[in-house]
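Some notes on the structure that comes next.
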Amino acid sequence: MDFSIDSEQKALRDAVRELASRHAPQHGQGDAPVGPATHDADTWSALAEVGALGLPYPEDAGGFGASAVEVAVVASELGRAGVLTAYAESLVAGSLLAQAGHELLGDLTEGSALVVPALAEPGRAWSLASSSVQAEDSTLTGRKGPVPYADAASHVIVPATEDGALALYLVESPTVENGHVVLDSTKATRLLDASATAGALAQAVNLGTVALCAEALGTMDAATTMTVEYLKTRKQFGVPLMTFQTLTQRAADMYVSLELARSTVQFAAMAIADNPEDSATVSRTKVVTGQSGRHIGQEAIQLHGGIGMTAEYAVGHLTTRLTAIERTYGDTRQHLAALAAGLSDHGQVDVLA
Amino acid sequence: MQRRLSPDDAAFQQRMRTYFTTEFPADLRERWSAGGEPDPEVIRAAQRRLHEDGLAVPHWPAEYGGQDWTMLQRHIYLQEMQAASVPPPLAFNANMVGPVIAAFGSQEQKDRFLPPTASLDIWWCQGFSEPDAGSDLASLRTTAVKDGDEWVVNGQKTWTTLGQHADWIFALVRTDPDAPKKQMGISFLLIEMSSPGVTVRPIQLIDGGHEVNEVFFDNVRVPADQLVGEENKGWDYAKFLLGNERVGVAPVGSIKRRLAEAKEWAGTVSTDDGTLLDDPLLAARIAELECQVLALELTVLRVAANSREGKPDPASSILKLRGSQLQQDVLELVVDIAGPAGLRWDDTSWEGLAAPTYLNFRKASIYGGSNEVQRQVISSGILGLRG
Ligand SMILES: Cc1cc2nc3c(=O)[nH]c(=O)nc-3n(C[C@H](O)[C@H](O)[C@H](O)COP(=O)(O)OP(=O)(O)OC[C@H]3O[C@@H](n4cnc5c(N)ncnc54)[C@H](O)[C@@H]3O)c2cc1C
């Protein structure tokens with residue numbers, strides 16, 4: 001086991017760091033966009049240009065034959081700069097297209113097609129096990145949502161119920177209302193049938209979840225760094241805030257959370273590269289990242305005081321993003337429940353194998 | 001000790017419940033409970049109505065609209081008001097400047113300001129914090145210099161909540177820069193927001209709303225009779241304002257209502273085998289929060305009975321600390337219940353409001369004395385730990 005990255009991976013990191021700083025949101029006096037992001041075509045084509053969109057897929061399927069490790073390197077840099085994109089969504093979709101051997105993957109990796117998965121459903125908790133969308137004669141009927149980036153997507157991938165089991169469909173130019181994909185006898189192409197769908201979805205969402213956790217890691221890193229800097233520079237009572245041990249000890253706790261997340265996320269990227277079906281590791285990583293992200297996000301605002309609450313300053317936006325990531329692709333509770341159901345499968349959790 | 005409400009208090013509770021749930025306008029309650037950025041018209045209409053019915057400022061002196069209630073009755077009143085999602089009287093008026101003017105103002109100031117303050121015909125905002133004077137409030141730099149029978153004010157306030165709707169601001173200003181301690185050179189000044197030289201800039205928060213502002217003073221001339229109490233005694237009045245309350249410090253009624261709503265909402269979110277309310281992990285978290293809120297409410301009741309009226313009271317720090325934490329915990333629970341639906345923000349559905357509301361209420365552990373400051377008050381003021 002080796003946590004260090006090689007020179008090629010460093011070059012990728014540097015390239016993405018540079019592009020992320022160019023496309024990072026600008027904060028200053030006045031209003032700024034808050035909350036969920038909208039798709040930014042410029043950032044997206046810059047990511048396509050450095051090859052970030054095709055990293056983990058085999059070359060014969062139209063990808064670049066790298067792995068989840070490279071994906072994590074990219075996602076961390078986006079998170080650090082606070083650049084919000086459809087990267088995780090595109091990875092879930094790309095993995096499904098690759099597993100289905102579909103040619104659209106080429107357009108996805110070039111950035112000419114934006115493909116996102118339509119997985120959530122109104123009024124329903126997160127679940128990959130079922131879908132209320134019905135498939136019949138290559139048409140779909142039902143509603144999925146909210147689907148992040150659906151309004152900018154050229155295609156969506158929809159799990160649908162067909163003869164009582166789940167199958168996966170591709171829909172071109174979806175109809176989108178308020179962020180929800182509306183299907184009404186909509187023509188669709190079947191990507192995978194019932195025998196392959198559950199396994200393919202699990203693998204694809206594992207990859208997307210590792211990307212999200214890596215993004216969260218970069219976000220936490222930025223939030224911790226900003227908070228440490230602030231404690232050094234902000235003065236109250238005639239002294240820098242770092243004079244107050246109650247605050248420096250809490251910064252130390254943030255750093256502990258950050259480093260625990262870093263180890264876990266880097267391990268998960270290696271584990272998924274090794275075995276894309278390792279959902280237990282992904283769930284453990286989502287739990288660790290969720291808890292670290294919650295801790296760091298909340299403390300970053302608190303230790304900044306009022307300035308941390310404003311849209312004119314970056315740190316609150318980082319907390320906003322960490323809040324969203326924790327509820328994407330299953331929240332901490334759901335991943336804990338999944339792990340709880342598998343406790344008797346093992347005596348100890350082995351990482352050295 | 002006595003477990004039950006006395007017959008009188010039980011009757012009082014029933015009277016409050018009936019009033020808030022049947023007599024107070026239902027449309028105002030609905031618009032308030034929908035959440036999102038507060039609508040000033042709803043706040044105005046609600047306080048006007050409460051005032052007409054004698055319920056806007058019950059803790060004030062009787063001659064200005066107060067009721068001669070016990071601490072327990074005041075708690076019951078707040079509890080029932082929050083349970084019914086009645087928009088509360090504006091804190092800046094009812095709990096801050098009103099009690100200060102009533103306690104320290106001249107007779108002319110009382111007669112001039114207290115009636116419109118109770119009815120919200122004057123909307124007040126609080127001008128204490130400055131960019132470099134947050135937790136260290138006493139280092140504030142906005143100055144007021146005497147010129148004939150006027151004060152000339154220069155400087156900047158910030159984080160001024162709802163200042164964009166305000167008619168008046170009560171501000172702490174430095175009137176004696178040479179005082180031996182910086183707390184000793186501060187005065188409490190009432191300034192009309194429409195005065196020449198006052199400008200307001202709204203600040204956007206991370207939920208997208210604009211509830212706080214920067215307020216700038218550029219040679220603003222303020223009549224001398226708008227200084228409350230004695231010159232250079234403003235710090236004492238500010239301490240009185242920030243620390244004299246035990247009742248109402250922790251929004252227990254609002255927390256309990258939101259927790260009850262969270263349970264209802266969890267019951268409407270389907271899972272693969274039931275609803276979220278059937279999920280043992282989520283249910284355990286709700287049950288745990290109910291225990292924690294119970295302990296807080298009982299502590300409010302227990303310490304309210306021992307209130308030392310009018311004196312800064314370290315016990316109120318327990319309530320502010322724990323009240324803000326539990327309020328934040330319950331709002332975080334709602335984000336989890338909203339799940340994927342909360343990833344889209346909109347200002348009409350509870351799911352769409354869940355994340356912005358949670359993020360907005362990170363403020364609760366920062367304003368009104370941060371939780372670090374509250375712990376400081378507990379450790380030094382109650383435990384005598386002065387390092
Ligand atoms: C939404 C919102 C609304 C507000 N509304 C108003 C209003 O209407 N009127 C008004 O006057 N003010 C208002 N405030 C201001 C509020 O009172 C201040 O934000 C608060 O006093 C903290 O000051 P600060 O933001 O400058 O943070 P700082 O004082 O810079 O504190 C930064 C961090 O350091 C901690 N800290 C500071 N000093 C110490 C110490 N000695 N020991 C340990 N920890 C310390 C703080 O707890 C905090 O975690 C509002 C603030 C917010 C966020």
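Letters for chains follow the order of the structure tokens (A, B, ...), residue numbers begin at 1 for each chain, and ligand numbers begin at 1 in the order shown.
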Taking only C-alpha atoms into account, report as a PyMOL selection string which residues of chain A lie within 6 Å of chain B.
chain A and resi 31+34+123-125+146+236-237+305+309-311+327
Which neighbours of region 172-185 of chain B fall inside 6 Å, counting only C-alpha atoms, when residues of the same chain fewer than 3 positions from it are skipped, and could you give them as an MDAnalysis selection string?
chainID B and resid 128 138 142:144 188 232 235
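Note that the spacing between CA of Val247 (chain B) and CA of Ser316 (chain B) amounts to 8.3 Å.
Every residue of region 114-200 of chain A found in helix (DSSP H, G or I) when DSSP is run on the backbone appears here: Ala150, Asp151, Ala152, Ala194, Ser195, Ala196, Thr197, Ala198, Gly199 and Ala200 of chain A.
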What are the closest atom pairs, with distances in Å to one decimal, for all residues of chain A lying within 12 Å of ligand 1? Consider only C-alpha atoms and all ligand atoms, order rows by chain and residue number, and present the result as a tab-separated table.
```
residue	atom	partner	partner_atom_place_in_ligand_line	distance
A:Thr227	CA	ligand 1	33 (C)	9.8
A:Val228	CA	ligand 1	33 (C)	11.5
A:Tyr230	CA	ligand 1	32 (C)	8.8
A:Leu231	CA	ligand 1	34 (O)	7.8
A:Lys232	CA	ligand 1	34 (O)	11.1
A:Thr233	CA	ligand 1	30 (O)	10.1
A:Arg234	CA	ligand 1	30 (O)	6.4
A:Lys235	CA	ligand 1	30 (O)	6.9
A:Gln236	CA	ligand 1	38 (N)	5.9
A:Phe237	CA	ligand 1	41 (N)	6.9
A:Gly238	CA	ligand 1	41 (N)	10.0
A:Val239	CA	ligand 1	41 (N)	9.2
A:Pro240	CA	ligand 1	38 (N)	9.1
A:Leu241	CA	ligand 1	34 (O)	6.1
A:Met242	CA	ligand 1	34 (O)	8.8
A:Thr243	CA	ligand 1	41 (N)	8.4
A:Phe244	CA	ligand 1	42 (N)	5.4
A:Gln245	CA	ligand 1	43 (C)	7.6
A:Thr246	CA	ligand 1	43 (C)	6.0
A:Leu247	CA	ligand 1	44 (N)	6.0
A:Thr248	CA	ligand 1	44 (N)	9.5
A:Gln249	CA	ligand 1	43 (C)	10.9
A:Arg250	CA	ligand 1	49 (O)	10.1
A:Ala251	CA	ligand 1	49 (O)	11.0
A:Gln298	CA	ligand 1	49 (O)	10.8
A:Glu299	CA	ligand 1	49 (O)	8.3
A:Ala300	CA	ligand 1	49 (O)	8.9
A:Ile301	CA	ligand 1	49 (O)	7.9
A:Gln302	CA	ligand 1	49 (O)	4.8
A:Leu303	CA	ligand 1	49 (O)	3.7
A:His304	CA	ligand 1	32 (C)	4.7
A:Gly305	CA	ligand 1	27 (O)	3.8
A:Gly306	CA	ligand 1	25 (O)	3.5
A:Ile307	CA	ligand 1	25 (O)	6.0
A:Gly308	CA	ligand 1	53 (C)	7.9
A:Met309	CA	ligand 1	53 (C)	6.0
A:Thr310	CA	ligand 1	53 (C)	8.2
A:Ala311	CA	ligand 1	1 (C)	11.8
A:Gly316	CA	ligand 1	53 (C)	11.6
```
Near region 92-102 of chain A, counting only C-alpha atoms, which residues have an atom at most 7 Å away, once you skip same-chain residues fewer than 5 positions from it, shown as a ChimeraX atom specification?
/A:57,61,115-117,157,191-192,200-201,204-205,207-208
Taking C-alpha atoms for each residue, export the selection above as an mmCIF file, in the first residue's frame.
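Dumped to selection_26.cif:
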```cif
data_model
loop_
_atom_site.group_PDB
_atom_site.id
_atom_site.type_symbol
_atom_site.label_atom_id
_atom_site.label_comp_id
_atom_site.auth_asym_id
_atom_site.auth_seq_id
_atom_site.Cartn_x
_atom_site.Cartn_y
_atom_site.Cartn_z
ATOM 1 C CA TYR A 57 -13.047 4.244 -18.533
ATOM 2 C CA ALA A 61 -14.690 1.923 -24.560
ATOM 3 C CA VAL A 115 -25.055 12.921 -19.520
ATOM 4 C CA VAL A 116 -26.410 12.699 -15.959
ATOM 5 C CA PRO A 117 -28.181 9.959 -14.018
ATOM 6 C CA ILE A 157 -29.930 7.755 -17.748
ATOM 7 C CA LEU A 191 -28.743 0.380 -21.987
ATOM 8 C CA LEU A 192 -28.807 -2.644 -19.691
ATOM 9 C CA ALA A 200 -23.848 -1.769 -12.943
ATOM 10 C CA LEU A 201 -25.657 0.881 -10.917
ATOM 11 C CA ALA A 204 -21.300 3.484 -11.200
ATOM 12 C CA VAL A 205 -22.545 5.067 -7.982
ATOM 13 C CA LEU A 207 -17.322 5.697 -8.582
ATOM 14 C CA GLY A 208 -19.482 8.809 -8.330
#
```
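In this model, the gap between CA of Glu77 (chain A) and CA of His317 (chain A) comes to 15.7 Å.
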Which residues are close to Ala24 (chain A), i.e. within 9 Å by only C-alpha atoms, leaving aside same-chain residues fewer than 3 positions away? Reply as a PyMOL selection string.
chain A and resi 19-21+78+81-84
Please identify all polymer residues within 7 Å of region 265-277 of chain A, counting only C-alpha atoms, omitting same-chain residues fewer than 5 positions from it, and present them as number ranges by chain.
A: 3, 67-69, 72, 202-203, 210, 213-214, 282, 285
